[in-house]
Amino acid sequence: MIKTRRISAARLALLGLCLTALPLGAVGAQSLRLVSGAPLTLPARITATQNDSLIPLAKVVTELSTLSTDDLSGDNFFKPGDTAYVFVSRSQNVVYPFAVLRRIPDAPSEAQDTVMIRAKVVSVTDNVLSLSYNFDTVSPPRAFITETDRAPLAPVKLTLAVSEDGRASVSTFHVGNKRFNQRVISKGVVPGRNMTMASIAPPT
Amino acid sequence: MEKTFSTANDNAPNAPERAQIGLGAAEPMRHRRITERPSVIISQTLSPGIYTPVWTPKIQRAKPSAPKPVSPVIYTLCAMAWVAAVLANIAALLFAPINTVHLVIVIAAVWTALIMVWTAHSRGQFLLAEMAGLSAIAAFGLSVYITSLRFGIAFSPAAGTALGAFAAAALGLITGSKLALRISAFAALTWAAITLTGPSLDFTGALQGGLPKPGLSWLAFPALLGLQAIAAARHKDGAALSVSVMAAYVLAAGGLAGFVAAGLLSPVLAAGGMLLGGLLHSRFGKLADKTQSFGSALHVAAGTGAMLAGLIALQDFWTRPGHAIWAGAEVSGAQWPLGLVTGAALLALIFIADALRDRMSASRIIKSAFLCSFAAGLVYISARPEIITAPLADYGLPAVPWAGVALAGTVLALGLGFIANGFRRNISGFVAIGAMAVAGSIFSALPAIMMSAETGLIYGVSAFVSALIAASFVSTSSAPQPGPVLYKGAFAND
């Protein structure tokens, strides 16, 4: 006679769905943002790297990390912990912030070259905001960290994909002339075929 | 007109006894097999006052049948799928397939492990079910790791540990796996340590411009600890409950220490918070004690320990306020609203716990009001010591260290009382915590006690009066209570 004990299969299935939804949701949201987000390339500085751990990590500082409200339009009063929406213009290959607001404006910007990025105010000193973004700590490919260690003076740039709600993900890391793509969901490839599509027309 | 009342009666006499007291004919044995709880039908006829109890069998709803074990074929197939998924994950870690495939492999391991848990339970293979549950937790942790490593989504170590703790707690709650519960408890402890030592705990500006804004960690921690407490109580796992309570106190004490170190909170308010928080935990533990809830003694012990620690800290403040640890003890203007709101909320909860415990009896209300007033007054006076130092100085009486010595006497009385309570109820944790409190208090206050004959006298009188007051709070009889239902070597239940 087998001694048995009943446990709820429905609850176990619900747990399985939750455990599955988390990684799939994270990967799906990230991939969607990388595919559909507005591209924005920023000069960056790598302040710390961790390549010998289980997960490679790098801390990134960009020119958007510190902003003075005296130089920008929008709101002037921020408290630590507030959410700030930084508006960046990327016209004519020049990227610069021009406004910072405490809330998303009701009417979206009609300018096609404007990108809004969500940030969190870390501190405020003499109208200078110290901001943190969700790409401050990234998990780049190990080769990127190796390259920054090998060529510490090489300029580093990040290409972000910014979704409409202001959340940004790094799509490409640049060190000098080398670029390291952030990982996205791989596309199935029929053997013998190349389904990679170029996003930029080749030089003529 | 006839009304029929059917009442379950656990104290129903046996057939011979019924025959003796004239309750009718003996119940047929076949009926007694039908039900374990015979019922009494009282027929109220048109002549009120004449009741004719009739013994009838109560038709009980049939118990749910035992789960039907899955067939050996399905069981074997599930086991093979589970083993294959585990092997596939090992191979994926070694050979690193494309990221999408790797994620699918990991998720397959989660599902096969959960299915294996269910089938193993179904067939009574509980050890195998525990192993499968362990592999499910590991596979989930691996999925978080793979998401970070292969897809570039940076989950911090704290976030990964927290997610693993939640997953293990949920699995333990559903399946009753003590292994999962204990993994969850230790993961919570690890999460607390990472949160306190890592950069995720941001004290910067926490008290500037109003109430602090809690981050996700501060909201998720109580949810996790509550889930663990529910699961541990439901499945009677005292070890998991102990570690969960420990994690809660590590986080609370570390958080308070961090705020003090950052200069955002007065150490006096931190000590007062520990005193009131511990008192609240202890009172709710006593409330749980009354309902014989699992782990009530643990809550009483932990809460009393925290309360005595807060009391010893305030005693230290009143005996040597010039020490370096009390630098910045002045309560700034921004801290007053937060301190008053928090203190009032804690005191209200303490009062509610006491009221629920004794159903608002007059004596309990008086005792609880006295207790709340004493605690609130002590914290308030410590935050504004000039309230008593200046008037006493007019009479040439030194509030320092006399107030500290008096508090040391109170700690001595409470500690000894807790030790005695531990011996009476055969709970070693009470004895240990009481002994530590007495030793810590004496160690801290001994120079002040030995300063003069007056301080020694104050210490003795304070201890005596405190003991008398504490004795008046004891509402139970002095007869030894039944020994606690212990889990191995600790005091999860009493």
# chains A, B, ... in the order shown; residues from 1 in each chain; ligands from 1
>>> interface_residues(of="chain B", to="chain A", cutoff="9 Å", atoms="only C-alpha atoms", output="NGL selection string")
:B and (66-69 or 98-101 or 103 or 107 or 110-111 or 114-115 or 117-118 or 120-126 or 140 or 143-155 or 167 or 170-171 or 174-176 or 204-206 or 208-209 or 213)
>>> write_last_selection(atoms="N, CA and C atoms", output="CSV table (one decimal), in the first residue's frame")
chain,number,residue,atom,x,y,z
B,66,ALA,N,-8.4,8.9,-0.8
B,66,ALA,CA,-6.9,9.1,-1.0
B,66,ALA,C,-6.6,9.3,-2.4
B,67,PRO,N,-5.6,10.2,-2.7
B,67,PRO,CA,-5.3,10.4,-4.1
B,67,PRO,C,-4.9,9.1,-4.8
B,68,LYS,N,-5.3,9.0,-5.9
B,68,LYS,CA,-5.0,7.8,-6.7
B,68,LYS,C,-3.6,7.9,-7.2
B,69,PRO,N,-2.7,7.0,-6.9
B,69,PRO,CA,-1.3,7.2,-7.4
B,69,PRO,C,-1.3,7.1,-8.9
B,98,ILE,N,22.7,28.5,-28.0
B,98,ILE,CA,22.2,29.9,-28.2
B,98,ILE,C,21.2,30.2,-27.1
B,99,ASN,N,21.1,31.5,-26.8
B,99,ASN,CA,20.5,31.9,-25.5
B,99,ASN,C,19.0,31.5,-25.4
B,100,THR,N,18.3,31.5,-26.5
B,100,THR,CA,16.9,31.1,-26.5
B,100,THR,C,16.7,29.6,-26.1
B,101,VAL,N,17.6,28.8,-26.7
B,101,VAL,CA,17.5,27.4,-26.4
B,101,VAL,C,17.9,27.1,-25.0
B,103,LEU,N,17.4,29.1,-22.5
B,103,LEU,CA,16.3,29.5,-21.6
B,103,LEU,C,15.2,28.4,-21.6
B,107,ILE,N,13.7,26.4,-18.4
B,107,ILE,CA,12.3,26.4,-18.1
B,107,ILE,C,11.7,25.0,-18.1
B,110,VAL,N,12.3,23.5,-14.8
B,110,VAL,CA,11.4,23.9,-13.8
B,110,VAL,C,10.1,23.1,-13.9
B,111,TRP,N,9.5,23.0,-15.0
B,111,TRP,CA,8.3,22.3,-15.2
B,111,TRP,C,8.4,20.8,-14.9
B,114,LEU,N,8.6,20.3,-11.2
B,114,LEU,CA,7.3,20.5,-10.5
B,114,LEU,C,6.4,19.3,-10.7
B,115,ILE,N,6.4,18.8,-11.9
B,115,ILE,CA,5.6,17.6,-12.2
B,115,ILE,C,6.1,16.4,-11.4
B,117,VAL,N,7.5,16.6,-8.6
B,117,VAL,CA,7.1,16.7,-7.2
B,117,VAL,C,5.7,16.2,-7.0
B,118,TRP,N,4.8,16.5,-7.9
B,118,TRP,CA,3.4,16.0,-7.8
B,118,TRP,C,3.3,14.5,-7.9
B,120,ALA,N,5.7,12.3,-7.5
B,120,ALA,CA,6.3,11.6,-6.4
B,120,ALA,C,5.5,11.7,-5.1
B,121,HIS,N,4.8,12.8,-4.9
B,121,HIS,CA,3.9,12.9,-3.8
B,121,HIS,C,2.7,11.9,-4.0
B,122,SER,N,2.3,11.8,-5.2
B,122,SER,CA,1.2,10.9,-5.5
B,122,SER,C,1.5,9.4,-5.1
B,123,ARG,N,2.8,9.1,-5.3
B,123,ARG,CA,3.2,7.7,-5.1
B,123,ARG,C,3.9,7.6,-3.7
B,124,GLY,N,3.9,8.6,-2.9
B,124,GLY,CA,4.4,8.5,-1.6
B,124,GLY,C,5.9,8.5,-1.5
B,125,GLN,N,6.5,8.9,-2.6
B,125,GLN,CA,8.0,9.0,-2.6
B,125,GLN,C,8.4,10.4,-2.2
B,126,PHE,N,8.4,10.6,-0.9
B,126,PHE,CA,8.5,12.0,-0.4
B,126,PHE,C,10.0,12.5,-0.5
B,140,PHE,N,14.9,27.4,-11.2
B,140,PHE,CA,14.4,28.8,-11.2
B,140,PHE,C,15.6,29.8,-11.0
B,143,SER,N,17.4,30.0,-14.1
B,143,SER,CA,16.7,30.8,-15.2
B,143,SER,C,17.0,32.3,-14.9
B,144,VAL,N,17.1,32.7,-13.7
B,144,VAL,CA,17.4,34.1,-13.4
B,144,VAL,C,18.9,34.4,-13.8
B,145,TYR,N,19.7,33.4,-13.5
B,145,TYR,CA,21.1,33.6,-13.9
B,145,TYR,C,21.3,33.6,-15.4
B,146,ILE,N,20.6,32.7,-16.1
B,146,ILE,CA,20.7,32.7,-17.6
B,146,ILE,C,20.1,34.0,-18.2
B,147,THR,N,19.1,34.5,-17.6
B,147,THR,CA,18.5,35.8,-18.0
B,147,THR,C,19.5,36.9,-17.9
B,148,SER,N,20.3,36.9,-16.9
B,148,SER,CA,21.3,37.9,-16.7
B,148,SER,C,22.5,37.7,-17.6
B,149,LEU,N,22.9,36.4,-17.6
B,149,LEU,CA,24.2,36.1,-18.3
B,149,LEU,C,24.0,36.1,-19.8
B,150,ARG,N,22.9,35.6,-20.3
B,150,ARG,CA,22.8,35.4,-21.8
B,150,ARG,C,22.0,36.4,-22.4
B,151,PHE,N,21.1,37.2,-21.7
B,151,PHE,CA,20.3,38.2,-22.3
B,151,PHE,C,20.7,39.6,-21.8
B,152,GLY,N,21.6,39.7,-20.9
B,152,GLY,CA,22.1,41.0,-20.5
B,152,GLY,C,21.1,41.8,-19.6
B,153,ILE,N,20.2,41.1,-19.0
B,153,ILE,CA,19.3,41.8,-18.0
B,153,ILE,C,20.0,41.6,-16.7
B,154,ALA,N,20.4,42.8,-16.1
B,154,ALA,CA,21.2,42.7,-14.9
B,154,ALA,C,20.4,42.5,-13.7
B,155,PHE,N,20.2,41.3,-13.2
B,155,PHE,CA,19.6,41.0,-11.9
B,155,PHE,C,20.7,41.1,-10.9
B,167,ALA,N,10.4,32.0,-4.4
B,167,ALA,CA,10.0,30.7,-5.0
B,167,ALA,C,10.0,29.6,-4.1
B,170,ALA,N,7.1,29.7,-1.6
B,170,ALA,CA,5.8,29.3,-2.3
B,170,ALA,C,5.8,27.8,-2.5
B,171,LEU,N,6.9,27.2,-2.9
B,171,LEU,CA,6.9,25.8,-3.1
B,171,LEU,C,6.7,25.1,-1.7
B,174,ILE,N,3.1,25.2,-0.7
B,174,ILE,CA,2.2,24.4,-1.5
B,174,ILE,C,2.4,22.9,-1.2
B,175,THR,N,3.7,22.5,-1.2
B,175,THR,CA,4.0,21.1,-1.0
B,175,THR,C,4.3,20.6,0.4
B,176,GLY,N,4.5,21.6,1.3
B,176,GLY,CA,4.9,21.2,2.6
B,176,GLY,C,6.4,20.8,2.7
B,204,THR,N,20.7,57.7,1.5
B,204,THR,CA,20.9,59.1,1.1
B,204,THR,C,19.5,59.8,1.0
B,205,GLY,N,19.4,60.8,1.8
B,205,GLY,CA,18.2,61.6,1.7
B,205,GLY,C,16.9,60.9,2.1
B,206,ALA,N,17.1,59.8,2.9
B,206,ALA,CA,15.9,59.1,3.2
B,206,ALA,C,14.9,59.8,4.1
B,208,GLN,N,15.1,63.2,4.4
B,208,GLN,CA,15.0,64.6,4.0
B,208,GLN,C,13.7,64.9,3.3
B,209,GLY,N,13.1,66.0,3.8
B,209,GLY,CA,11.9,66.4,3.1
B,209,GLY,C,10.7,65.5,3.4
B,213,LYS,N,11.1,57.2,1.6
B,213,LYS,CA,10.4,56.5,0.5
B,213,LYS,C,10.9,55.0,0.4
>>> select_by_dssp(residues="chain A", states="strand (DSSP E or B)", output="VMD selection string")
chain A and resid 38 to 50 57 to 62 66 to 68 73 to 74 83 to 89 96 to 101 114 to 125 128 to 132 137 to 138 156 to 162 168 to 175 178 to 181
>>> residues_around(residues="Arg118 of chain A", least_positions_apart="6", cutoff="10 Å", atoms="only C-alpha atoms", output="PDB file with C-alpha atoms, in the first residue's frame")
ATOM      1  CA  THR A  83      11.187  60.382 -10.817  1.00  0.00           C
ATOM      2  CA  ALA A  84      12.563  62.720 -13.457  1.00  0.00           C
ATOM      3  CA  TYR A  85      11.879  62.579 -17.177  1.00  0.00           C
ATOM      4  CA  VAL A  86      14.835  63.788 -19.174  1.00  0.00           C
ATOM      5  CA  PHE A  87      14.175  64.979 -22.704  1.00  0.00           C
ATOM      6  CA  VAL A 100      13.702  67.744 -17.334  1.00  0.00           C
ATOM      7  CA  LEU A 101      10.200  67.276 -15.972  1.00  0.00           C
ATOM      8  CA  ARG A 102       8.686  65.688 -12.904  1.00  0.00           C
ATOM      9  CA  ARG A 103       5.898  64.035 -14.849  1.00  0.00           C
ATOM     10  CA  ILE A 104       5.200  62.878 -18.347  1.00  0.00           C
ATOM     11  CA  LEU A 131      20.301  60.977 -11.616  1.00  0.00           C
ATOM     12  CA  SER A 132      20.280  57.233 -11.861  1.00  0.00           C
ATOM     13  CA  TYR A 133      18.995  55.303 -14.869  1.00  0.00           C
ATOM     14  CA  ASN A 134      18.139  51.680 -15.356  1.00  0.00           C
ATOM     15  CA  VAL A 162      14.362  53.812 -25.341  1.00  0.00           C
ATOM     16  CA  SER A 163      10.745  52.772 -25.138  1.00  0.00           C
ATOM     17  CA  GLU A 164       7.879  55.238 -25.170  1.00  0.00           C
ATOM     18  CA  ASP A 165       7.515  55.152 -21.397  1.00  0.00           C
ATOM     19  CA  GLY A 166      11.118  56.244 -21.009  1.00  0.00           C
ATOM     20  CA  ARG A 167      12.723  52.960 -20.026  1.00  0.00           C
ATOM     21  CA  ALA A 168      16.032  52.365 -21.737  1.00  0.00           C
TER      22      ALA A 168
END
>>> residues_around(residues="Asn127 of chain A", least_positions_apart="6", cutoff="9 Å", atoms="only C-alpha atoms", output="number ranges by chain")
A: 67-70, 76-78
>>> atom_distance(atom1="atom CA of Asp126 of chain A", atom2="atom CA of Val88 of chain A")
22.1 Å
>>> select_by_dssp(residues="segment 122-161 of chain B", states="alpha helix (DSSP H)", output="ChimeraX atom specification")
/B:122,126-151,157-161
>>> write_last_selection(atoms="N, CA and C atoms", output="JSON list (two decimals), in the first residue's frame")
[["chain", "number", "residue", "atom", "x", "y", "z"],
["B", 122, "SER", "N", 2.28, 11.79, -5.17],
["B", 122, "SER", "CA", 1.17, 10.89, -5.46],
["B", 122, "SER", "C", 1.52, 9.44, -5.14],
["B", 126, "PHE", "N", 8.36, 10.62, -0.88],
["B", 126, "PHE", "CA", 8.54, 11.98, -0.39],
["B", 126, "PHE", "C", 9.98, 12.46, -0.48],
["B", 127, "LEU", "N", 10.94, 11.56, -0.33],
["B", 127, "LEU", "CA", 12.33, 11.98, -0.46],
["B", 127, "LEU", "C", 12.61, 12.43, -1.90],
["B", 128, "LEU", "N", 12.07, 11.67, -2.83],
["B", 128, "LEU", "CA", 12.24, 12.05, -4.24],
["B", 128, "LEU", "C", 11.52, 13.38, -4.52],
["B", 129, "ALA", "N", 10.38, 13.56, -3.89],
["B", 129, "ALA", "CA", 9.66, 14.83, -4.06],
["B", 129, "ALA", "C", 10.48, 16.00, -3.53],
["B", 130, "GLU", "N", 11.15, 15.77, -2.41],
["B", 130, "GLU", "CA", 12.01, 16.84, -1.88],
["B", 130, "GLU", "C", 13.14, 17.15, -2.86],
["B", 131, "MET", "N", 13.73, 16.09, -3.43],
["B", 131, "MET", "CA", 14.81, 16.31, -4.39],
["B", 131, "MET", "C", 14.31, 17.04, -5.63],
["B", 132, "ALA", "N", 13.13, 16.66, -6.07],
["B", 132, "ALA", "CA", 12.56, 17.33, -7.24],
["B", 132, "ALA", "C", 12.25, 18.80, -6.93],
["B", 133, "GLY", "N", 11.74, 19.04, -5.73],
["B", 133, "GLY", "CA", 11.49, 20.42, -5.33],
["B", 133, "GLY", "C", 12.77, 21.23, -5.28],
["B", 134, "LEU", "N", 13.81, 20.61, -4.74],
["B", 134, "LEU", "CA", 15.12, 21.28, -4.71],
["B", 134, "LEU", "C", 15.59, 21.62, -6.12],
["B", 135, "SER", "N", 15.39, 20.67, -7.03],
["B", 135, "SER", "CA", 15.83, 20.93, -8.41],
["B", 135, "SER", "C", 14.97, 22.01, -9.06],
["B", 136, "ALA", "N", 13.70, 22.10, -8.68],
["B", 136, "ALA", "CA", 12.85, 23.17, -9.23],
["B", 136, "ALA", "C", 13.35, 24.54, -8.79],
["B", 137, "ILE", "N", 13.72, 24.63, -7.50],
["B", 137, "ILE", "CA", 14.25, 25.91, -7.01],
["B", 137, "ILE", "C", 15.57, 26.24, -7.72],
["B", 138, "ALA", "N", 16.41, 25.20, -7.86],
["B", 138, "ALA", "CA", 17.69, 25.43, -8.53],
["B", 138, "ALA", "C", 17.47, 25.85, -9.98],
["B", 139, "ALA", "N", 16.51, 25.21, -10.65],
["B", 139, "ALA", "CA", 16.25, 25.57, -12.05],
["B", 139, "ALA", "C", 15.73, 26.99, -12.16],
["B", 140, "PHE", "N", 14.91, 27.40, -11.20],
["B", 140, "PHE", "CA", 14.43, 28.78, -11.24],
["B", 140, "PHE", "C", 15.59, 29.76, -11.03],
["B", 141, "GLY", "N", 16.44, 29.44, -10.06],
["B", 141, "GLY", "CA", 17.62, 30.29, -9.87],
["B", 141, "GLY", "C", 18.48, 30.33, -11.12],
["B", 142, "LEU", "N", 18.58, 29.18, -11.77],
["B", 142, "LEU", "CA", 19.37, 29.12, -13.02],
["B", 142, "LEU", "C", 18.72, 29.96, -14.11],
["B", 143, "SER", "N", 17.41, 30.00, -14.13],
["B", 143, "SER", "CA", 16.73, 30.80, -15.16],
["B", 143, "SER", "C", 17.01, 32.30, -14.95],
["B", 144, "VAL", "N", 17.06, 32.71, -13.68],
["B", 144, "VAL", "CA", 17.41, 34.11, -13.40],
["B", 144, "VAL", "C", 18.85, 34.38, -13.83],
["B", 145, "TYR", "N", 19.71, 33.42, -13.53],
["B", 145, "TYR", "CA", 21.12, 33.56, -13.90],
["B", 145, "TYR", "C", 21.29, 33.63, -15.42],
["B", 146, "ILE", "N", 20.59, 32.75, -16.10],
["B", 146, "ILE", "CA", 20.69, 32.73, -17.56],
["B", 146, "ILE", "C", 20.12, 34.01, -18.16],
["B", 147, "THR", "N", 19.06, 34.50, -17.56],
["B", 147, "THR", "CA", 18.48, 35.76, -18.03],
["B", 147, "THR", "C", 19.49, 36.89, -17.93],
["B", 148, "SER", "N", 20.26, 36.87, -16.86],
["B", 148, "SER", "CA", 21.29, 37.91, -16.71],
["B", 148, "SER", "C", 22.47, 37.66, -17.65],
["B", 149, "LEU", "N", 22.94, 36.43, -17.62],
["B", 149, "LEU", "CA", 24.19, 36.14, -18.34],
["B", 149, "LEU", "C", 24.01, 36.15, -19.85],
["B", 150, "ARG", "N", 22.93, 35.55, -20.32],
["B", 150, "ARG", "CA", 22.79, 35.35, -21.76],
["B", 150, "ARG", "C", 21.96, 36.44, -22.43],
["B", 151, "PHE", "N", 21.15, 37.15, -21.65],
["B", 151, "PHE", "CA", 20.30, 38.19, -22.27],
["B", 151, "PHE", "C", 20.66, 39.60, -21.81],
["B", 157, "PRO", "N", 22.65, 40.47, -7.31],
["B", 157, "PRO", "CA", 22.64, 39.30, -6.42],
["B", 157, "PRO", "C", 21.51, 39.37, -5.40],
["B", 158, "ALA", "N", 21.23, 40.58, -4.92],
["B", 158, "ALA", "CA", 20.13, 40.70, -3.94],
["B", 158, "ALA", "C", 18.80, 40.31, -4.58],
["B", 159, "ALA", "N", 18.58, 40.77, -5.80],
["B", 159, "ALA", "CA", 17.31, 40.45, -6.47],
["B", 159, "ALA", "C", 17.20, 38.95, -6.74],
["B", 160, "GLY", "N", 18.32, 38.35, -7.19],
["B", 160, "GLY", "CA", 18.30, 36.92, -7.45],
["B", 160, "GLY", "C", 18.02, 36.11, -6.20],
["B", 161, "THR", "N", 18.67, 36.51, -5.09],
["B", 161, "THR", "CA", 18.44, 35.81, -3.83],
["B", 161, "THR", "C", 16.99, 35.98, -3.37]]
>>> atom_distance(atom1="atom CA of Leu94 of chain B", atom2="atom CA of Val106 of chain B")
13.5 Å
>>> closest_residue(among="A:Ala38, A:Ala154, A:Asp136, A:Phe144", to="Lys120 of chain A", atoms="only C-alpha atoms")
A:Asp136
>>> atom_distance(atom1="atom CA of Lys236 of chain B", atom2="atom CA of Tyr249 of chain B")
20.9 Å
>>> residues_around(residues="Pro398 of chain B", least_positions_apart="4", cutoff="12 Å", atoms="only C-alpha atoms", output="list in words")
Trp318, Thr319, Pro385, Glu386, Ile388, Thr389, Ala390, Pro391, Leu392, Ala393, Asp394, Trp402, Ala403, Gly404, Val405, Ala448, Glu454 and Thr455 of chain B
>>> write_last_selection(atoms="N, CA and C atoms", output="PDB file, in the first residue's frame")
ATOM      1  N   TRP B 318      21.514  56.593  29.575  1.00  0.00           N
ATOM      2  CA  TRP B 318      21.329  57.351  30.811  1.00  0.00           C
ATOM      3  C   TRP B 318      22.474  57.167  31.796  1.00  0.00           C
ATOM      4  N   THR B 319      23.314  56.172  31.566  1.00  0.00           N
ATOM      5  CA  THR B 319      24.465  56.022  32.463  1.00  0.00           C
ATOM      6  C   THR B 319      25.722  56.678  31.900  1.00  0.00           C
ATOM      7  N   PRO B 385      15.914  64.668  27.088  1.00  0.00           N
ATOM      8  CA  PRO B 385      16.332  64.422  28.486  1.00  0.00           C
ATOM      9  C   PRO B 385      16.250  65.650  29.370  1.00  0.00           C
ATOM     10  N   GLU B 386      16.236  66.841  28.765  1.00  0.00           N
ATOM     11  CA  GLU B 386      16.195  68.042  29.599  1.00  0.00           C
ATOM     12  C   GLU B 386      14.900  68.133  30.399  1.00  0.00           C
ATOM     13  N   ILE B 388      13.748  66.021  32.475  1.00  0.00           N
ATOM     14  CA  ILE B 388      13.968  65.621  33.871  1.00  0.00           C
ATOM     15  C   ILE B 388      15.336  66.065  34.389  1.00  0.00           C
ATOM     16  N   THR B 389      16.282  66.253  33.492  1.00  0.00           N
ATOM     17  CA  THR B 389      17.609  66.629  34.008  1.00  0.00           C
ATOM     18  C   THR B 389      17.578  68.009  34.663  1.00  0.00           C
ATOM     19  N   ALA B 390      16.889  68.953  34.033  1.00  0.00           N
ATOM     20  CA  ALA B 390      16.883  70.316  34.590  1.00  0.00           C
ATOM     21  C   ALA B 390      16.144  70.390  35.927  1.00  0.00           C
ATOM     22  N   PRO B 391      14.917  69.850  36.047  1.00  0.00           N
ATOM     23  CA  PRO B 391      14.256  69.920  37.368  1.00  0.00           C
ATOM     24  C   PRO B 391      15.015  69.184  38.460  1.00  0.00           C
ATOM     25  N   LEU B 392      15.568  68.022  38.123  1.00  0.00           N
ATOM     26  CA  LEU B 392      16.312  67.287  39.145  1.00  0.00           C
ATOM     27  C   LEU B 392      17.576  68.033  39.541  1.00  0.00           C
ATOM     28  N   ALA B 393      18.169  68.709  38.574  1.00  0.00           N
ATOM     29  CA  ALA B 393      19.385  69.463  38.889  1.00  0.00           C
ATOM     30  C   ALA B 393      19.086  70.591  39.863  1.00  0.00           C
ATOM     31  N   ASP B 394      17.863  71.133  39.808  1.00  0.00           N
ATOM     32  CA  ASP B 394      17.489  72.193  40.749  1.00  0.00           C
ATOM     33  C   ASP B 394      17.517  71.690  42.190  1.00  0.00           C
ATOM     34  N   TRP B 402      21.509  58.256  37.683  1.00  0.00           N
ATOM     35  CA  TRP B 402      20.464  57.622  38.480  1.00  0.00           C
ATOM     36  C   TRP B 402      19.371  56.991  37.626  1.00  0.00           C
ATOM     37  N   ALA B 403      18.960  57.711  36.597  1.00  0.00           N
ATOM     38  CA  ALA B 403      17.922  57.138  35.735  1.00  0.00           C
ATOM     39  C   ALA B 403      18.423  55.858  35.054  1.00  0.00           C
ATOM     40  N   GLY B 404      19.685  55.870  34.653  1.00  0.00           N
ATOM     41  CA  GLY B 404      20.255  54.671  34.019  1.00  0.00           C
ATOM     42  C   GLY B 404      20.318  53.505  34.978  1.00  0.00           C
ATOM     43  N   VAL B 405      20.695  53.800  36.223  1.00  0.00           N
ATOM     44  CA  VAL B 405      20.763  52.733  37.229  1.00  0.00           C
ATOM     45  C   VAL B 405      19.370  52.181  37.509  1.00  0.00           C
ATOM     46  N   ALA B 448      28.362  52.433  37.085  1.00  0.00           N
ATOM     47  CA  ALA B 448      27.429  53.414  37.656  1.00  0.00           C
ATOM     48  C   ALA B 448      26.800  52.884  38.932  1.00  0.00           C
ATOM     49  N   GLU B 454      24.205  55.458  47.107  1.00  0.00           N
ATOM     50  CA  GLU B 454      22.894  55.853  46.595  1.00  0.00           C
ATOM     51  C   GLU B 454      22.542  55.101  45.322  1.00  0.00           C
ATOM     52  N   THR B 455      23.491  54.997  44.418  1.00  0.00           N
ATOM     53  CA  THR B 455      23.200  54.310  43.156  1.00  0.00           C
ATOM     54  C   THR B 455      22.922  52.825  43.396  1.00  0.00           C
TER      55      THR B 455
END
